[in-house]
$ cat data_13.tsv   # TSV, C-alpha atoms and all ligand atoms
chain	number	residue	atom	x	y	z
C	1	MET	CA	-3.15	9.93	31.73
C	2	LYS	CA	-1.77	12.67	29.50
C	3	ASP	CA	-2.03	12.21	25.72
C	4	ARG	CA	1.71	11.70	25.50
C	5	ASP	CA	1.68	8.98	28.17
C	6	ILE	CA	-1.18	7.21	26.40
C	7	SER	CA	0.73	7.42	23.11
C	8	LYS	CA	3.89	6.03	24.74
C	9	PHE	CA	1.97	3.20	26.34
C	10	LEU	CA	0.24	2.36	23.04
C	11	SER	CA	3.64	2.35	21.28
C	12	LEU	CA	4.96	-0.10	23.86
C	13	VAL	CA	1.97	-2.43	23.57
C	14	LEU	CA	1.31	-2.18	19.82
C	15	ARG	CA	4.96	-2.22	18.67
C	16	HIS	CA	6.98	-4.13	21.21
C	17	LYS	CA	5.27	-5.84	24.14
C	18	PRO	CA	1.57	-6.67	23.79
C	19	GLU	CA	2.08	-9.07	26.72
C	20	VAL	CA	2.44	-6.08	29.07
C	21	LEU	CA	-1.31	-5.61	28.63
C	22	GLY	CA	-2.11	-9.29	28.08
C	23	ILE	CA	-3.40	-8.82	24.55
C	24	ASP	CA	-2.48	-10.41	21.23
C	25	LEU	CA	-1.74	-8.70	17.95
C	26	ASP	CA	-2.87	-10.55	14.84
C	27	GLU	CA	-0.38	-11.27	12.07
C	28	GLU	CA	-0.97	-7.82	10.54
C	29	GLY	CA	-0.41	-6.10	13.88
C	30	TRP	CA	-4.05	-5.38	14.77
C	31	ALA	CA	-5.36	-5.37	18.35
C	32	ASN	CA	-9.04	-5.51	19.29
C	33	VAL	CA	-10.09	-2.07	20.58
C	34	ASP	CA	-12.72	-3.27	23.10
C	35	LEU	CA	-10.30	-5.74	24.63
C	36	LEU	CA	-7.51	-3.14	24.77
C	37	LEU	CA	-9.80	-0.68	26.59
C	38	GLN	CA	-10.97	-3.41	29.00
C	39	LYS	CA	-7.41	-4.43	29.80
C	40	MET	CA	-6.36	-0.82	30.34
C	41	GLN	CA	-9.24	-0.34	32.75
C	42	ALA	CA	-8.18	-3.49	34.60
C	43	GLN	CA	-4.61	-2.11	34.88
C	44	GLY	CA	-5.81	1.15	36.40
C	45	LYS	CA	-5.40	3.10	33.14
C	46	PRO	CA	-9.03	3.79	32.28
C	47	LEU	CA	-9.55	5.11	28.76
C	48	THR	CA	-12.77	5.64	26.84
C	49	GLN	CA	-13.11	4.94	23.13
C	50	GLU	CA	-13.69	8.69	22.59
C	51	ARG	CA	-10.43	9.60	24.30
C	52	LEU	CA	-8.57	6.92	22.35
C	53	GLU	CA	-10.02	8.35	19.12
C	54	GLU	CA	-8.80	11.82	20.13
C	55	VAL	CA	-5.31	10.64	21.01
C	56	VAL	CA	-4.99	8.77	17.72
C	57	ALA	CA	-6.33	11.67	15.64
C	58	SER	CA	-4.16	14.32	17.32
C	59	ASN	CA	-0.95	12.27	17.51
C	60	ASP	CA	1.93	14.36	16.14
C	61	LYS	CA	3.33	11.57	13.96
C	62	GLN	CA	0.05	9.76	13.31
C	63	ARG	CA	1.62	6.70	14.92
C	64	PHE	CA	-1.57	4.63	15.14
C	65	ALA	CA	-4.36	3.70	12.76
C	66	PHE	CA	-7.82	2.15	13.11
C	67	ASN	CA	-9.44	-0.26	10.71
C	68	GLU	CA	-12.46	1.02	8.82
C	69	LYS	CA	-14.96	0.19	11.55
C	70	HIS	CA	-12.65	1.36	14.35
C	71	THR	CA	-12.93	-2.04	16.03
C	72	GLN	CA	-9.16	-2.64	15.64
C	73	ILE	CA	-6.07	-0.50	16.13
C	74	ARG	CA	-2.40	-0.92	15.21
C	75	ALA	CA	0.89	0.98	15.10
C	76	SER	CA	1.73	2.20	11.60
C	77	GLN	CA	5.49	1.50	11.99
C	78	GLY	CA	8.24	0.94	14.52
C	79	HIS	CA	7.52	-2.70	15.41
C	80	SER	CA	9.97	-5.06	16.99
C	81	VAL	CA	7.38	-7.85	17.20
C	82	PRO	CA	7.13	-9.69	13.88
C	83	VAL	CA	4.04	-8.38	12.10
C	84	ASP	CA	3.25	-8.17	8.40
C	85	LEU	CA	1.79	-4.74	7.65
C	86	LYS	CA	1.29	-5.81	4.01
C	87	LEU	CA	3.26	-2.84	2.72
C	88	GLN	CA	3.97	-2.85	-0.99
C	89	PRO	CA	7.41	-1.80	-2.29
C	90	VAL	CA	7.44	1.81	-3.53
C	91	PRO	CA	10.19	3.62	-5.47
C	92	PRO	CA	11.90	6.05	-3.07
C	93	PRO	CA	13.02	9.61	-3.80
C	94	GLU	CA	16.63	10.05	-4.92
C	95	PHE	CA	17.74	10.86	-1.37
C	96	LEU	CA	16.43	10.08	2.09
C	97	TYR	CA	17.83	10.97	5.52
C	98	HIS	CA	18.61	9.08	8.69
C	99	GLY	CA	19.16	10.85	12.00
C	100	THR	CA	21.38	9.22	14.56
C	101	ALA	CA	23.70	10.24	17.40
C	102	GLU	CA	27.36	11.14	16.93
C	103	HIS	CA	28.53	8.27	19.09
C	104	GLN	CA	27.01	5.77	16.62
C	105	VAL	CA	28.57	7.28	13.49
C	106	ALA	CA	31.79	5.24	13.34
C	107	SER	CA	29.92	1.98	13.74
C	108	ILE	CA	27.36	2.97	11.07
C	109	GLN	CA	30.15	3.94	8.65
C	110	ARG	CA	31.65	0.49	9.20
C	111	GLU	CA	28.51	-1.70	9.18
C	112	GLY	CA	25.91	0.44	7.45
C	113	LEU	CA	22.47	1.03	8.97
C	114	GLN	CA	21.12	-2.05	10.70
C	115	ARG	CA	17.57	-2.52	11.87
C	116	HIS	CA	18.60	-4.08	15.22
C	117	SER	CA	15.48	-5.10	17.14
C	118	ARG	CA	13.07	-3.28	14.83
C	119	GLN	CA	11.64	-4.75	11.65
C	120	TYR	CA	13.10	-2.05	9.41
C	121	VAL	CA	15.61	0.79	9.28
C	122	HIS	CA	13.62	4.04	9.49
C	123	LEU	CA	14.37	6.88	7.05
C	124	SER	CA	12.72	10.21	6.41
C	125	ALA	CA	12.22	12.45	3.41
C	126	GLU	CA	12.96	15.55	5.50
C	127	VAL	CA	16.21	16.58	7.15
C	128	GLU	CA	14.30	18.17	10.04
C	129	THR	CA	12.56	14.91	10.95
C	130	ALA	CA	15.88	13.06	10.80
C	131	SER	CA	17.42	15.64	13.10
C	132	LYS	CA	14.68	15.15	15.71
C	133	VAL	CA	14.99	11.37	15.52
C	134	GLY	CA	18.76	11.65	16.00
C	135	ALA	CA	18.38	13.94	19.00
C	136	ARG	CA	16.54	11.12	20.82
C	137	HIS	CA	19.84	9.25	21.01
C	138	GLY	CA	22.36	12.03	21.73
C	139	LYS	CA	23.99	14.82	19.76
C	140	PRO	CA	22.28	14.50	16.37
C	141	PHE	CA	24.14	13.52	13.23
C	142	ILE	CA	22.45	13.18	9.86
C	143	PHE	CA	23.27	10.71	7.12
C	144	LEU	CA	22.14	11.24	3.57
C	145	VAL	CA	21.04	7.94	2.05
C	146	ARG	CA	21.41	7.46	-1.72
C	147	SER	CA	18.05	5.72	-1.89
C	148	GLY	CA	17.56	6.21	-5.64
C	149	GLN	CA	20.80	4.35	-6.33
C	150	MET	CA	19.86	1.58	-3.89
C	151	HIS	CA	16.52	1.18	-5.63
C	152	GLN	CA	18.24	0.98	-9.04
C	153	ASN	CA	20.37	-1.77	-7.59
C	154	GLY	CA	17.29	-3.74	-6.57
C	155	VAL	CA	16.85	-2.78	-2.91
C	156	LYS	CA	13.21	-2.53	-1.86
C	157	PHE	CA	11.70	0.43	-0.01
C	158	TYR	CA	8.37	0.70	1.75
C	159	GLN	CA	6.37	3.63	3.10
C	160	SER	CA	4.30	3.26	6.25
C	161	GLU	CA	0.78	4.66	6.46
C	162	ASN	CA	2.22	7.66	8.33
C	163	LYS	CA	4.81	8.22	5.57
C	164	VAL	CA	7.96	6.93	7.27
C	165	TRP	CA	10.35	5.34	4.72
C	166	LEU	CA	11.41	1.81	5.56
C	167	THR	CA	14.05	-0.57	4.23
C	168	TYR	CA	15.83	-3.61	5.66
C	169	ALA	CA	19.40	-2.29	5.73
C	170	VAL	CA	21.59	0.39	4.17
C	171	ALA	CA	25.13	-0.58	3.14
C	172	PRO	CA	27.92	1.93	3.99
C	173	SER	CA	28.55	2.68	0.31
C	174	TYR	CA	25.13	4.40	0.04
C	175	LEU	CA	25.69	6.68	3.03
C	176	GLU	CA	27.32	10.06	3.34
C	177	ALA	CA	27.46	12.63	6.10
C	178	TYR	CA	24.87	15.33	5.49
C	179	THR	CA	26.32	18.71	6.26
C	180	GLY	CA	23.60	21.03	4.96
C	181	SER	CA	22.02	21.74	1.58
K	201	LIG	C1	21.38	3.22	15.18
K	201	LIG	C2	10.79	6.96	16.05
K	201	LIG	C3	25.45	1.65	15.45
K	201	LIG	C4	20.38	4.11	14.50
K	201	LIG	C5	11.52	7.70	14.93
K	201	LIG	C6	19.51	4.52	15.68
K	201	LIG	C7	11.69	6.65	13.88
K	201	LIG	C8	23.39	1.92	14.51
K	201	LIG	C9	19.57	3.31	16.60
K	201	LIG	C10	11.60	5.33	14.61
K	201	LIG	C11	23.73	1.09	13.43
K	201	LIG	C12	18.29	2.50	16.60
K	201	LIG	C13	12.92	4.62	14.63
K	201	LIG	C14	25.03	0.55	13.43
K	201	LIG	C15	21.72	1.77	13.11
K	201	LIG	N1	25.85	0.84	14.45
K	201	LIG	N2	24.23	2.20	15.52
K	201	LIG	N3	25.46	-0.24	12.44
K	201	LIG	N4	22.69	1.02	12.58
K	201	LIG	N5	22.13	2.33	14.27
K	201	LIG	O1	15.04	3.87	18.00
K	201	LIG	O2	15.73	5.13	13.57
K	201	LIG	O3	8.73	8.64	17.63
K	201	LIG	O4	15.44	1.60	16.90
K	201	LIG	O5	21.00	5.21	13.88
K	201	LIG	O6	10.79	8.79	14.48
K	201	LIG	O7	16.17	6.10	15.90
K	201	LIG	O8	8.94	6.21	18.17
K	201	LIG	O9	15.58	3.64	15.52
K	201	LIG	O10	20.07	5.63	16.34
K	201	LIG	O11	10.73	6.70	12.87
K	201	LIG	O12	7.16	7.01	16.59
K	201	LIG	O13	20.63	2.48	16.10
K	201	LIG	O14	11.22	5.65	15.95
K	201	LIG	O15	9.44	7.02	15.88
K	201	LIG	O16	17.32	3.25	17.29
K	201	LIG	O17	13.90	5.44	15.25
K	201	LIG	P1	15.78	3.05	17.00
K	201	LIG	P2	15.43	5.16	15.03
K	201	LIG	P3	8.52	7.24	17.14
$ encode --input "data_13.tsv" --output "structure tokens"
Amino acid sequence: MKDRDISKFLSLVLRHKPEVLGIDLDEEGWANVDLLLQKMQAQGKPLTQERLEEVVASNDKQRFAFNEKHTQIRASQGHSVPVDLKLQPVPPPEFLYHGTAEHQVASIQREGLQRHSRQYVHLSAEVETASKVGARHGKPFIFLVRSGQMHQNGVKFYQSENKVWLTYAVAPSYLEAYTGS
């Protein structure tokens, strides 16, 4: 398997559908590495611990993390399965960005940003990242999020281990179209 295919498969299993591999995630989202490798072998996707280490270390967004002893692995964000990553609230920067597709703009302006199946709405500190995220869904459109104001009004923000900003929802009044600096 190519690194990208391994990463995609790990995202599926560690964020959304551990049952595809027949493994369990604990309440903090951790999977046992030995068991994961065994199950992958059994499914015709053989992977050594060394290769897994390489894929995790070289992953462009640092999507996965090991525990200290490297006996467990989890996704750092993006879950739809209910896990508690034990993230502590952190004050956000004044502004964050959310990339989406043009065809979703009217609905977002009406309802705000909703987390849908995921545990959180995902925001980024950089416009460029938001633009790439948006392009996954169609013609990209970027919203500026007045995160500082939200925080002042008591809304909590979290930052994943790989530095993605997370919050539960963003009301329309905190959003504006980002049209360049
Ligand atoms: C949209 C990737 C209509 C929202 C990225 C998005 C991210 C609405 C889509 C992470 C809406 C959900 C998450 C509303 C939100 N009406 N559309 N009211 N509220 N939406 O994939 O943020 O590469 O679940 O704009 O980098 O695109 O996988 O979320 O377009 O960090 O590691 O509903 O996934 O990380 O799509 O991406 P998603 P996302 P990875």
$ residues_near_ligand --input "data_13.tsv" --ligand "ligand LIG 201 (chain K)" --cutoff "8 Å" --atoms "only C-alpha atoms and all ligand atoms" --output "PDB file with C-alpha atoms, in the frame of the given file"
ATOM      1  CA  SER C  11       3.640   2.350  21.280  1.00  0.00           C
ATOM      2  CA  LYS C  61       3.330  11.570  13.960  1.00  0.00           C
ATOM      3  CA  ARG C  63       1.620   6.700  14.920  1.00  0.00           C
ATOM      4  CA  GLN C  77       5.490   1.500  11.990  1.00  0.00           C
ATOM      5  CA  GLY C  78       8.240   0.940  14.520  1.00  0.00           C
ATOM      6  CA  HIS C  98      18.610   9.080   8.690  1.00  0.00           C
ATOM      7  CA  GLY C  99      19.160  10.850  12.000  1.00  0.00           C
ATOM      8  CA  THR C 100      21.380   9.220  14.560  1.00  0.00           C
ATOM      9  CA  ALA C 101      23.700  10.240  17.400  1.00  0.00           C
ATOM     10  CA  GLN C 104      27.010   5.770  16.620  1.00  0.00           C
ATOM     11  CA  VAL C 105      28.570   7.280  13.490  1.00  0.00           C
ATOM     12  CA  ALA C 106      31.790   5.240  13.340  1.00  0.00           C
ATOM     13  CA  SER C 107      29.920   1.980  13.740  1.00  0.00           C
ATOM     14  CA  ILE C 108      27.360   2.970  11.070  1.00  0.00           C
ATOM     15  CA  GLN C 109      30.150   3.940   8.650  1.00  0.00           C
ATOM     16  CA  ARG C 110      31.650   0.490   9.200  1.00  0.00           C
ATOM     17  CA  GLU C 111      28.510  -1.700   9.180  1.00  0.00           C
ATOM     18  CA  GLY C 112      25.910   0.440   7.450  1.00  0.00           C
ATOM     19  CA  LEU C 113      22.470   1.030   8.970  1.00  0.00           C
ATOM     20  CA  GLN C 114      21.120  -2.050  10.700  1.00  0.00           C
ATOM     21  CA  ARG C 115      17.570  -2.520  11.870  1.00  0.00           C
ATOM     22  CA  HIS C 116      18.600  -4.080  15.220  1.00  0.00           C
ATOM     23  CA  SER C 117      15.480  -5.100  17.140  1.00  0.00           C
ATOM     24  CA  ARG C 118      13.070  -3.280  14.830  1.00  0.00           C
ATOM     25  CA  VAL C 121      15.610   0.790   9.280  1.00  0.00           C
ATOM     26  CA  HIS C 122      13.620   4.040   9.490  1.00  0.00           C
ATOM     27  CA  LEU C 123      14.370   6.880   7.050  1.00  0.00           C
ATOM     28  CA  SER C 124      12.720  10.210   6.410  1.00  0.00           C
ATOM     29  CA  THR C 129      12.560  14.910  10.950  1.00  0.00           C
ATOM     30  CA  ALA C 130      15.880  13.060  10.800  1.00  0.00           C
ATOM     31  CA  LYS C 132      14.680  15.150  15.710  1.00  0.00           C
ATOM     32  CA  VAL C 133      14.990  11.370  15.520  1.00  0.00           C
ATOM     33  CA  GLY C 134      18.760  11.650  16.000  1.00  0.00           C
ATOM     34  CA  ARG C 136      16.540  11.120  20.820  1.00  0.00           C
ATOM     35  CA  HIS C 137      19.840   9.250  21.010  1.00  0.00           C
ATOM     36  CA  VAL C 164       7.960   6.930   7.270  1.00  0.00           C
TER      37      VAL C 164
END
$ residues_around --input "data_13.tsv" --residues "Leu85 (chain C)" --least-positions-apart "2" --cutoff "9 Å" --atoms "only C-alpha atoms" --output "list in words"
Glu27, Glu28, Gly29, Ser76, Gln77, Val83, Leu87 and Ser160 of chain C
$ residues_near_point --input "data_13.tsv" --point "(21.6, 9.4, 1.0)" --cutoff "10 Å" --atoms "all atoms listed in the file" --output "VMD selection string"
chain C and resid 93 to 98 123 142 to 150 170 173 to 178
$ closest_atom_pairs --input "data_13.tsv" --of "region 1-35 of chain C" --to "region 39-55 of chain C" --cutoff "8 Å" --atoms "all atoms listed in the file" --output "Markdown table"
| residue | atom | partner | partner_atom | distance |
| --- | --- | --- | --- | --- |
| C:Met1 | CA | C:Lys45 | CA | 7.3 |
| C:Asp3 | CA | C:Val55 | CA | 6.0 |
| C:Ile6 | CA | C:Val55 | CA | 7.6 |
| C:Ser7 | CA | C:Val55 | CA | 7.2 |
| C:Leu21 | CA | C:Lys39 | CA | 6.3 |
| C:Gly22 | CA | C:Lys39 | CA | 7.4 |
| C:Ile23 | CA | C:Lys39 | CA | 7.9 |
| C:Leu35 | CA | C:Lys39 | CA | 6.1 |
$ closest_residue --input "data_13.tsv" --among "C:Glu128, C:Ser58, C:Asp24, C:Glu102" --to "Arg74 (chain C)" --atoms "all atoms listed in the file"
C:Asp24
$ atom_distance --input "data_13.tsv" --atom1 "CA of Phe9 (chain C)" --atom2 "CA of Gly138 (chain C)"
22.7 Å
$ closest_residue --input "data_13.tsv" --among "C:Leu166, C:Ala171, C:Leu37, C:Val20" --to "Ala125 (chain C)" --atoms "all atoms listed in the file"
C:Leu166
$ closest_residue --input "data_13.tsv" --among "C:Glu161, C:Asp84, C:Glu126, C:Asp5" --to "Asp26 (chain C)" --atoms "only C-alpha atoms"
C:Asp84
